[in-house]
$ cat structure37.txt   # compact mmCIF, C-alpha atoms and all ligand atoms
# COMPACT_ATOMS: atom_id res chain seq x y z
CA MET I 834 -21.88 -16.27 -14.88
CA ASP I 835 -18.85 -14.02 -14.51
CA LYS I 836 -20.01 -10.99 -12.57
CA PHE I 837 -17.75 -8.08 -13.39
CA VAL I 838 -17.60 -4.98 -15.52
CA ALA I 839 -14.45 -4.60 -17.61
CA LEU I 840 -13.13 -1.06 -17.44
CA ASN I 841 -12.12 1.13 -20.34
CA SER I 842 -10.70 4.65 -20.08
CA GLU I 843 -14.14 6.29 -20.23
CA LEU I 844 -15.62 4.09 -17.55
CA TYR I 845 -12.50 4.50 -15.43
CA ARG I 846 -12.86 8.31 -15.69
CA TYR I 847 -16.47 7.86 -14.61
CA VAL I 848 -15.30 5.91 -11.55
CA LEU I 849 -12.84 8.66 -10.62
CA ASP I 850 -15.48 11.34 -11.15
CA HIS I 851 -17.77 9.60 -8.67
CA CYS I 852 -15.43 9.52 -5.73
CA SER I 853 -15.30 12.48 -3.31
CA PRO I 854 -13.12 15.26 -4.71
CA ARG I 855 -9.42 14.57 -4.27
CA PRO I 856 -7.73 16.95 -1.81
CA GLN I 857 -5.57 19.53 -3.62
CA VAL I 858 -2.41 18.34 -1.88
CA LEU I 859 -2.86 14.87 -3.42
CA GLU I 860 -3.52 16.42 -6.84
CA ASP I 861 -0.32 18.43 -6.54
CA LEU I 862 1.75 15.47 -5.35
CA ALA I 863 0.53 13.35 -8.27
CA ALA I 864 1.35 16.18 -10.68
CA GLU I 865 4.84 16.78 -9.28
CA THR I 866 5.62 13.05 -9.29
CA ALA I 867 4.57 12.79 -12.93
CA ASN I 868 6.49 15.92 -13.94
CA ARG I 869 9.70 15.05 -12.11
CA LEU I 870 9.82 11.29 -12.45
CA GLY I 871 8.02 10.68 -15.73
CA PRO I 872 7.38 6.97 -16.37
CA LEU I 873 8.42 6.03 -12.82
CA SER I 874 5.26 7.73 -11.60
CA VAL I 875 3.30 4.59 -12.54
CA MET I 876 4.53 3.28 -9.19
CA GLN I 877 2.16 5.67 -7.42
CA ILE I 878 -1.14 4.16 -6.31
CA SER I 879 -4.26 5.23 -8.22
CA PRO I 880 -6.62 7.97 -6.97
CA GLU I 881 -9.53 5.64 -6.19
CA GLN I 882 -7.21 3.26 -4.36
CA GLY I 883 -5.94 6.15 -2.26
CA ALA I 884 -9.52 7.22 -1.51
CA PHE I 885 -10.40 3.63 -0.60
CA MET I 886 -7.42 3.36 1.75
CA SER I 887 -8.30 6.65 3.48
CA LEU I 888 -11.87 5.52 3.95
CA LEU I 889 -10.80 2.14 5.30
CA VAL I 890 -8.37 3.68 7.80
CA ARG I 891 -11.12 6.02 9.02
CA LEU I 892 -13.72 3.24 9.21
CA MET I 893 -11.37 1.05 11.23
CA GLY I 894 -10.45 3.89 13.57
CA ALA I 895 -6.87 2.83 12.94
CA ARG I 896 -4.25 4.57 15.07
CA ASN I 897 -1.02 2.72 14.34
CA ALA I 898 -0.09 1.99 10.74
CA ILE I 899 2.92 0.85 8.74
CA GLU I 900 3.75 1.10 5.07
CA VAL I 901 6.40 -0.82 3.13
CA GLY I 902 7.18 1.10 -0.07
CA THR I 903 6.59 4.83 0.12
CA PHE I 904 8.04 6.32 -3.09
CA THR I 905 6.92 9.99 -3.22
CA GLY I 906 4.45 9.51 -0.40
CA TYR I 907 1.01 9.37 -2.01
CA SER I 908 -0.33 6.26 -0.25
CA ALA I 909 1.27 7.39 3.01
CA LEU I 910 -0.48 10.75 2.70
CA CYS I 911 -3.83 9.02 2.15
CA VAL I 912 -3.29 6.94 5.28
CA ALA I 913 -1.83 9.71 7.45
CA MET I 914 -4.63 12.17 6.64
CA ALA I 915 -7.14 9.57 7.80
CA LEU I 916 -5.36 8.82 11.08
CA PRO I 917 -6.37 10.68 14.26
CA ASP I 918 -4.10 13.49 15.49
CA ASP I 919 -2.27 11.12 17.81
CA GLY I 920 -2.02 8.41 15.15
CA LYS I 921 1.29 7.14 13.82
CA LEU I 922 2.47 5.80 10.48
CA ILE I 923 5.87 4.19 9.99
CA CYS I 924 7.06 4.44 6.38
CA CYS I 925 9.75 2.08 5.08
CA ASP I 926 11.71 2.86 1.93
CA ILE I 927 15.28 2.82 0.66
CA ASN I 928 15.21 5.83 -1.63
CA GLU I 929 16.17 9.20 -0.18
CA GLU I 930 15.41 11.24 -3.30
CA TRP I 931 11.85 10.01 -3.73
CA THR I 932 11.00 10.15 -0.04
CA SER I 933 12.29 13.72 0.21
CA ILE I 934 9.46 14.68 -2.15
CA ALA I 935 7.12 12.73 0.14
CA GLN I 936 8.29 14.64 3.19
CA ARG I 937 7.58 18.03 1.60
CA TYR I 938 4.00 17.03 0.90
CA TRP I 939 3.49 15.52 4.35
CA GLU I 940 4.62 18.85 5.82
CA ARG I 941 2.32 20.79 3.55
CA ALA I 942 -0.65 18.58 4.49
CA GLY I 943 0.10 19.04 8.19
CA VAL I 944 0.60 15.30 8.82
CA ALA I 945 4.41 15.10 9.01
CA SER I 946 4.32 14.78 12.80
CA LYS I 947 2.30 11.56 12.45
CA ILE I 948 4.81 9.96 10.06
CA GLU I 949 8.13 8.35 10.88
CA LEU I 950 10.21 7.62 7.79
CA ARG I 951 12.70 4.76 8.15
CA LEU I 952 15.22 4.63 5.33
CA GLY I 953 16.81 1.23 4.76
CA PRO I 954 15.81 -2.25 3.61
CA ALA I 955 12.30 -2.75 4.93
CA ILE I 956 13.00 -6.22 6.23
CA GLU I 957 15.67 -4.79 8.55
CA THR I 958 13.33 -2.02 9.70
CA LEU I 959 10.56 -4.53 10.40
CA LYS I 960 12.87 -6.86 12.30
CA SER I 961 14.21 -3.96 14.36
CA LEU I 962 10.77 -2.84 15.56
CA LYS I 963 10.23 -2.98 19.30
CA GLU I 964 8.55 -6.17 20.46
CA GLU I 965 5.56 -4.22 21.83
CA GLU I 966 4.97 -2.34 18.55
CA SER I 967 1.53 -3.29 17.22
CA PHE I 968 -0.39 -2.20 14.10
CA ASP I 969 -4.01 -1.77 13.11
CA PHE I 970 -3.32 -1.21 9.43
CA ALA I 971 -0.48 -2.09 7.04
CA PHE I 972 0.16 -1.44 3.36
CA VAL I 973 2.73 -3.49 1.43
CA ASP I 974 3.84 -1.98 -1.88
CA ALA I 975 7.60 -2.52 -2.32
CA ASP I 976 9.90 -5.18 -3.81
CA LYS I 977 7.70 -8.13 -4.67
CA GLU I 978 10.23 -10.86 -3.87
CA ASN I 979 10.11 -9.88 -0.21
CA TYR I 980 6.31 -9.76 0.14
CA PRO I 981 6.23 -13.16 1.92
CA LEU I 982 8.77 -11.94 4.50
CA TYR I 983 6.92 -8.65 4.96
CA TYR I 984 3.73 -10.62 5.48
CA GLU I 985 5.11 -12.72 8.32
CA GLU I 986 6.88 -9.82 10.02
CA ILE I 987 3.79 -7.62 9.88
CA LEU I 988 1.23 -10.30 10.73
CA ARG I 989 2.92 -11.09 14.03
CA ARG I 990 2.60 -7.42 14.99
CA LEU I 991 -0.94 -6.94 13.70
CA ARG I 992 -3.72 -6.74 16.27
CA PRO I 993 -6.69 -9.09 15.82
CA ASN I 994 -9.04 -7.47 13.28
CA GLY I 995 -6.13 -5.45 11.94
CA VAL I 996 -5.71 -5.44 8.18
CA ILE I 997 -2.76 -5.84 5.79
CA LEU I 998 -3.19 -4.60 2.24
CA PHE I 999 -0.98 -6.07 -0.49
CA ASP I 1000 -0.67 -4.08 -3.69
CA ASN I 1001 -0.11 -5.36 -7.27
CA VAL I 1002 -1.42 -8.84 -6.52
CA LEU I 1003 -2.66 -9.22 -10.12
CA TRP I 1004 0.73 -8.16 -11.56
CA LEU I 1005 -1.01 -6.97 -14.72
CA GLY I 1006 -2.69 -10.37 -15.00
CA ALA I 1007 0.57 -12.36 -15.08
CA VAL I 1008 -0.29 -14.30 -11.89
CA ALA I 1009 -3.11 -16.10 -13.73
CA ASP I 1010 -0.92 -17.11 -16.68
CA PRO I 1011 1.11 -20.23 -15.75
CA ALA I 1012 3.39 -19.67 -18.75
CA ILE I 1013 4.85 -16.59 -17.00
CA THR I 1014 7.51 -17.75 -14.56
CA ASP I 1015 9.75 -14.78 -13.73
CA PRO I 1016 10.64 -14.54 -10.02
CA ASP I 1017 8.29 -11.64 -9.14
CA THR I 1018 5.32 -13.31 -10.80
CA VAL I 1019 6.04 -16.65 -9.14
CA THR I 1020 6.43 -15.04 -5.72
CA LEU I 1021 3.16 -13.13 -6.04
CA ARG I 1022 1.33 -16.20 -7.39
CA GLN I 1023 2.56 -18.36 -4.51
CA LEU I 1024 1.71 -15.69 -1.94
CA ASN I 1025 -1.78 -15.25 -3.40
CA ASP I 1026 -2.32 -19.02 -3.15
CA ARG I 1027 -0.98 -19.15 0.38
CA LEU I 1028 -2.98 -16.15 1.65
CA ALA I 1029 -6.25 -17.56 0.36
CA ARG I 1030 -5.69 -20.73 2.41
CA ASP I 1031 -4.04 -19.21 5.47
CA PRO I 1032 -6.28 -19.89 8.49
CA ARG I 1033 -4.76 -16.92 10.36
CA VAL I 1034 -6.44 -14.40 8.06
CA GLU I 1035 -9.68 -13.65 6.25
CA VAL I 1036 -8.84 -12.54 2.74
CA VAL I 1037 -10.51 -10.70 -0.09
CA MET I 1038 -8.74 -9.91 -3.36
CA LEU I 1039 -10.18 -6.85 -5.07
CA PRO I 1040 -9.65 -5.93 -8.73
CA VAL I 1041 -8.74 -2.36 -7.79
CA ALA I 1042 -5.97 -0.92 -9.99
CA ASP I 1043 -3.35 -3.74 -10.29
CA GLY I 1044 -5.12 -5.87 -7.69
CA LEU I 1045 -5.39 -5.26 -3.96
CA THR I 1046 -5.66 -7.99 -1.36
CA LEU I 1047 -7.05 -7.24 2.09
CA ALA I 1048 -6.07 -9.70 4.80
CA ARG I 1049 -7.78 -9.34 8.18
CA LYS I 1050 -6.08 -11.04 11.10
CA ARG I 1051 -8.48 -13.38 12.87
N1 LIG I 1101 3.11 3.33 -2.24
C1 LIG I 1101 3.83 4.25 -3.08
C2 LIG I 1101 2.94 5.36 -3.60
O1 LIG I 1101 1.74 5.36 -3.30
O2 LIG I 1101 3.43 6.25 -4.30
C3 LIG I 1101 4.52 3.53 -4.22
C4 LIG I 1101 5.62 2.57 -3.78
S1 LIG I 1101 6.68 2.08 -5.11
C5 LIG I 1101 5.66 1.00 -6.04
C6 LIG I 1101 7.81 0.95 -4.35
C7 LIG I 1101 8.81 1.58 -3.38
O3 LIG I 1101 9.46 0.52 -2.68
C8 LIG I 1101 9.90 2.43 -4.00
O4 LIG I 1101 9.86 3.73 -3.49
C9 LIG I 1101 11.20 1.72 -3.61
O5 LIG I 1101 12.25 2.61 -3.27
C10 LIG I 1101 10.76 0.93 -2.38
N2 LIG I 1101 11.58 -0.26 -2.11
C11 LIG I 1101 12.07 -1.16 -3.01
N3 LIG I 1101 12.76 -2.12 -2.39
C12 LIG I 1101 12.70 -1.83 -1.06
C13 LIG I 1101 13.22 -2.44 0.10
N4 LIG I 1101 13.95 -3.58 0.05
N5 LIG I 1101 12.97 -1.88 1.31
C14 LIG I 1101 12.22 -0.75 1.39
N6 LIG I 1101 11.71 -0.13 0.32
C15 LIG I 1101 11.94 -0.66 -0.88
CA CA I 1102 2.01 -0.62 -6.29
$ encode --input "structure37.txt" --output "structure tokens"
Amino acid sequence: MDKFVALNSELYRYVLDHCSPRPQVLEDLAAETANRLGPLSVMQISPEQGAFMSLLVRLMGARNAIEVGTFTGYSALCVAMALPDDGKLICCDINEEWTSIAQRYWERAGVASKIELRLGPAIETLKSLKEEESFDFAFVDADKENYPLYYEEILRRLRPNGVILFDNVLWLGAVADPAITDPDTVTLRQLNDRLARDPRVEVVMLPVADGLTLARKR
């Protein structure tokens, strides 16, 4: 039997209401993103996903993290607040306007010193990382066509038992509909297939928000 509970808005509210209270700085960042960027704010991760990522970073005792796709900085803030004082998060994005909002909130939350923002195509940033750079935790949430490249570049720098999170792996359900064949959907579908069979990682796909895959390096 299928074992899941389909969400509706009421049940989703209930889920949000039964997570620890969201820090005010995250509330304010979500509000400013929505007010300033309107429909673009759908790119921001959801509150329970942010809470989950913070908890995971804390549980892992992660110290070195990397994010591909920062936007106005919500997911980065969730990760950075959960890192120890000497932790470090590298944020990759191409958009100066959006990440300038991010930087204001990172300052306000007192985590700016833990975050290094690298503006430019993420694949170039990843390839330019020092050979000895290694990560405990990675979050991939940028241009979908480059997910497979981001995966390989990050995996080689991930420590054993480190985790990569891929966002939007359900692509609003399109990945499970073979009739949908646009390039983003095909890339995500192929990556999902490949990850599930990749002996280098242990993978779980969670139906959180638009789908979140966790890949632990063996
Ligand atoms: N994680 C963010 C959050 O929690 O608010 C949302 C990220 S948003 C879905 C995707 C971001 O990827 C955008 O800010 C966009 O500028 C960035 N992006 C798109 N293509 C990129 C590329 N080639 N290299 C780096 N960043 C890119
Ligand atoms: Ca996303």
$ closest_residue --input "structure37.txt" --among "I:Val890, I:Met876, I:Met1038, I:Leu910" --to "ligand CA 1102 (chain I)" --atoms "only C-alpha atoms and all ligand atoms"
I:Met876
$ atom_distance --input "structure37.txt" --atom1 "CA of Val858 (chain I)" --atom2 "atom C12 of ligand LIG 1101 (chain I)"
25.2 Å
$ closest_residue --input "structure37.txt" --among "I:Ala955, I:Met914, I:Val1002, I:Leu873" --to "ligand LIG 1101 (chain I)" --atoms "all atoms listed in the file"
I:Ala955
$ residues_near_ligand --input "structure37.txt" --ligand "ligand LIG 1101 (chain I)" --cutoff "10 Å" --atoms "all atoms listed in the file" --output "compact mmCIF listing (two decimals) with C-alpha atoms, keeping the file's coordinate frame"
# COMPACT_ATOMS: atom_id res chain seq x y z
CA LEU I 862 1.75 15.47 -5.35
CA ALA I 863 0.53 13.35 -8.27
CA THR I 866 5.62 13.05 -9.29
CA LEU I 873 8.42 6.03 -12.82
CA SER I 874 5.26 7.73 -11.60
CA VAL I 875 3.30 4.59 -12.54
CA MET I 876 4.53 3.28 -9.19
CA GLN I 877 2.16 5.67 -7.42
CA ILE I 878 -1.14 4.16 -6.31
CA SER I 879 -4.26 5.23 -8.22
CA PRO I 880 -6.62 7.97 -6.97
CA GLN I 882 -7.21 3.26 -4.36
CA GLY I 883 -5.94 6.15 -2.26
CA GLU I 900 3.75 1.10 5.07
CA VAL I 901 6.40 -0.82 3.13
CA GLY I 902 7.18 1.10 -0.07
CA THR I 903 6.59 4.83 0.12
CA PHE I 904 8.04 6.32 -3.09
CA THR I 905 6.92 9.99 -3.22
CA GLY I 906 4.45 9.51 -0.40
CA TYR I 907 1.01 9.37 -2.01
CA SER I 908 -0.33 6.26 -0.25
CA ALA I 909 1.27 7.39 3.01
CA LEU I 910 -0.48 10.75 2.70
CA CYS I 911 -3.83 9.02 2.15
CA CYS I 924 7.06 4.44 6.38
CA CYS I 925 9.75 2.08 5.08
CA ASP I 926 11.71 2.86 1.93
CA ILE I 927 15.28 2.82 0.66
CA ASN I 928 15.21 5.83 -1.63
CA GLU I 929 16.17 9.20 -0.18
CA GLU I 930 15.41 11.24 -3.30
CA TRP I 931 11.85 10.01 -3.73
CA THR I 932 11.00 10.15 -0.04
CA ALA I 935 7.12 12.73 0.14
CA ARG I 951 12.70 4.76 8.15
CA LEU I 952 15.22 4.63 5.33
CA GLY I 953 16.81 1.23 4.76
CA PRO I 954 15.81 -2.25 3.61
CA ALA I 955 12.30 -2.75 4.93
CA ILE I 956 13.00 -6.22 6.23
CA GLU I 957 15.67 -4.79 8.55
CA THR I 958 13.33 -2.02 9.70
CA LEU I 959 10.56 -4.53 10.40
CA PHE I 972 0.16 -1.44 3.36
CA VAL I 973 2.73 -3.49 1.43
CA ASP I 974 3.84 -1.98 -1.88
CA ALA I 975 7.60 -2.52 -2.32
CA ASP I 976 9.90 -5.18 -3.81
CA LYS I 977 7.70 -8.13 -4.67
CA GLU I 978 10.23 -10.86 -3.87
CA ASN I 979 10.11 -9.88 -0.21
CA TYR I 980 6.31 -9.76 0.14
CA TYR I 983 6.92 -8.65 4.96
CA ASP I 1000 -0.67 -4.08 -3.69
CA ASN I 1001 -0.11 -5.36 -7.27
$ residues_near_point --input "structure37.txt" --point "(9.4, -6.8, 19.4)" --cutoff "12 Å" --atoms "all atoms listed in the file" --output "list in words"
Thr958, Leu959, Lys960, Ser961, Leu962, Lys963, Glu964, Glu965, Glu966, Ser967, Glu986, Ile987, Arg989, Arg990 and Leu991 of chain I
$ closest_residue --input "structure37.txt" --among "I:Ala942, I:Ala1007, I:Asp1043, I:Glu881" --to "Arg846 (chain I)" --atoms "all atoms listed in the file"
I:Glu881
$ atom_distance --input "structure37.txt" --atom1 "CA of Leu849 (chain I)" --atom2 "CA of Asp1010 (chain I)"
29.0 Å
$ closest_residue --input "structure37.txt" --among "I:Val996, I:Leu859, I:Val848, I:Ala895" --to "Arg941 (chain I)" --atoms "only C-alpha atoms"
I:Leu859
$ closest_residue --input "structure37.txt" --among "I:Arg1027, I:Arg855, I:Lys921, I:Arg937" --to "Glu949 (chain I)" --atoms "all atoms listed in the file"
I:Lys921
$ closest_residue --input "structure37.txt" --among "I:Ile948, I:Ala1009, I:Leu988, I:Val1041" --to "ligand CA 1102 (chain I)" --atoms "all atoms listed in the file"
I:Val1041
$ axis_aligned_box --input "structure37.txt" --around "region 855-874 of chain I" --padding-each-side "3 Å" --output "lines of an AutoDock Vina configuration file"
center_x = 0.2
center_y = 12.8
center_z = -9.1
size_x = 25.2
size_y = 19.5
size_z = 20.6
$ atom_distance --input "structure37.txt" --atom1 "CA of Pro993 (chain I)" --atom2 "CA of Arg1049 (chain I)"
7.7 Å
$ residues_around --input "structure37.txt" --residues "Val912 (chain I)" --least-positions-apart "6" --cutoff "9 Å" --atoms "all atoms listed in the file" --output "list of chain:residue names"
I:Gly883, I:Met886, I:Ser887, I:Leu888, I:Leu889, I:Val890, I:Arg891, I:Ala898, I:Leu922
$ write_last_selection --input "structure37.txt" --atoms "C-alpha atoms" --output "short mmCIF file (atom, residue, chain, number, x, y, z; two decimals), in the frame of the given file"
data_model
loop_
_atom_site.label_atom_id
_atom_site.label_comp_id
_atom_site.auth_asym_id
_atom_site.auth_seq_id
_atom_site.Cartn_x
_atom_site.Cartn_y
_atom_site.Cartn_z
CA GLY I 883 -5.94 6.15 -2.26
CA MET I 886 -7.42 3.36 1.75
CA SER I 887 -8.30 6.65 3.48
CA LEU I 888 -11.87 5.52 3.95
CA LEU I 889 -10.80 2.14 5.30
CA VAL I 890 -8.37 3.68 7.80
CA ARG I 891 -11.12 6.02 9.02
CA ALA I 898 -0.09 1.99 10.74
CA LEU I 922 2.47 5.80 10.48
#
$ decode --input "structure37.txt" --residues "region 895-918 of chain I" --atoms "N, CA and C atoms" --output "short mmCIF file (atom, residue, chain, number, x, y, z; two decimals), in the first residue's frame"
data_model
loop_
_atom_site.label_atom_id
_atom_site.label_comp_id
_atom_site.auth_asym_id
_atom_site.auth_seq_id
_atom_site.Cartn_x
_atom_site.Cartn_y
_atom_site.Cartn_z
N ALA I 895 28.73 19.56 11.02
CA ALA I 895 29.42 20.04 9.82
C ALA I 895 30.18 21.33 10.12
N ARG I 896 31.32 21.49 9.46
CA ARG I 896 32.17 22.67 9.66
C ARG I 896 32.40 23.39 8.34
N ASN I 897 32.54 22.62 7.28
CA ASN I 897 32.79 23.21 5.96
C ASN I 897 31.64 22.86 5.02
N ALA I 898 31.01 23.91 4.48
CA ALA I 898 29.83 23.70 3.65
C ALA I 898 29.93 24.53 2.38
N ILE I 899 29.18 24.10 1.37
CA ILE I 899 29.12 24.86 0.11
C ILE I 899 27.69 24.84 -0.40
N GLU I 900 27.31 25.96 -0.99
CA GLU I 900 25.96 26.07 -1.56
C GLU I 900 26.08 26.56 -3.00
N VAL I 901 25.33 25.94 -3.89
CA VAL I 901 25.26 26.39 -5.28
C VAL I 901 23.84 26.90 -5.51
N GLY I 902 23.69 28.22 -5.60
CA GLY I 902 22.37 28.84 -5.76
C GLY I 902 21.91 29.47 -4.47
N THR I 903 22.20 30.75 -4.32
CA THR I 903 22.00 31.42 -3.03
C THR I 903 20.80 32.35 -3.02
N PHE I 904 20.53 33.02 -4.15
CA PHE I 904 19.38 33.93 -4.25
C PHE I 904 19.48 34.98 -3.13
N THR I 905 18.45 35.16 -2.32
CA THR I 905 18.53 36.20 -1.27
C THR I 905 19.01 35.62 0.07
N GLY I 906 19.55 34.41 0.02
CA GLY I 906 20.33 33.95 1.17
C GLY I 906 19.62 33.16 2.24
N TYR I 907 18.39 32.71 1.97
CA TYR I 907 17.64 32.03 3.05
C TYR I 907 18.29 30.70 3.43
N SER I 908 18.52 29.84 2.42
CA SER I 908 19.10 28.52 2.75
C SER I 908 20.49 28.70 3.34
N ALA I 909 21.26 29.65 2.81
CA ALA I 909 22.60 29.90 3.35
C ALA I 909 22.53 30.31 4.82
N LEU I 910 21.54 31.12 5.14
CA LEU I 910 21.39 31.57 6.53
C LEU I 910 21.07 30.38 7.43
N CYS I 911 20.20 29.50 6.96
CA CYS I 911 19.86 28.30 7.74
C CYS I 911 21.10 27.45 8.00
N VAL I 912 21.94 27.32 6.98
CA VAL I 912 23.16 26.52 7.14
C VAL I 912 24.16 27.25 8.03
N ALA I 913 24.39 28.52 7.74
CA ALA I 913 25.44 29.27 8.47
C ALA I 913 25.11 29.38 9.96
N MET I 914 23.84 29.56 10.30
CA MET I 914 23.48 29.69 11.71
C MET I 914 23.71 28.38 12.46
N ALA I 915 23.73 27.28 11.72
CA ALA I 915 23.92 25.97 12.35
C ALA I 915 25.39 25.54 12.39
N LEU I 916 26.25 26.28 11.70
CA LEU I 916 27.67 25.95 11.70
C LEU I 916 28.31 26.46 12.99
N PRO I 917 29.39 25.83 13.43
CA PRO I 917 30.11 26.38 14.60
C PRO I 917 30.75 27.72 14.25
N ASP I 918 31.23 28.43 15.27
CA ASP I 918 31.79 29.77 15.06
C ASP I 918 32.94 29.77 14.04
#
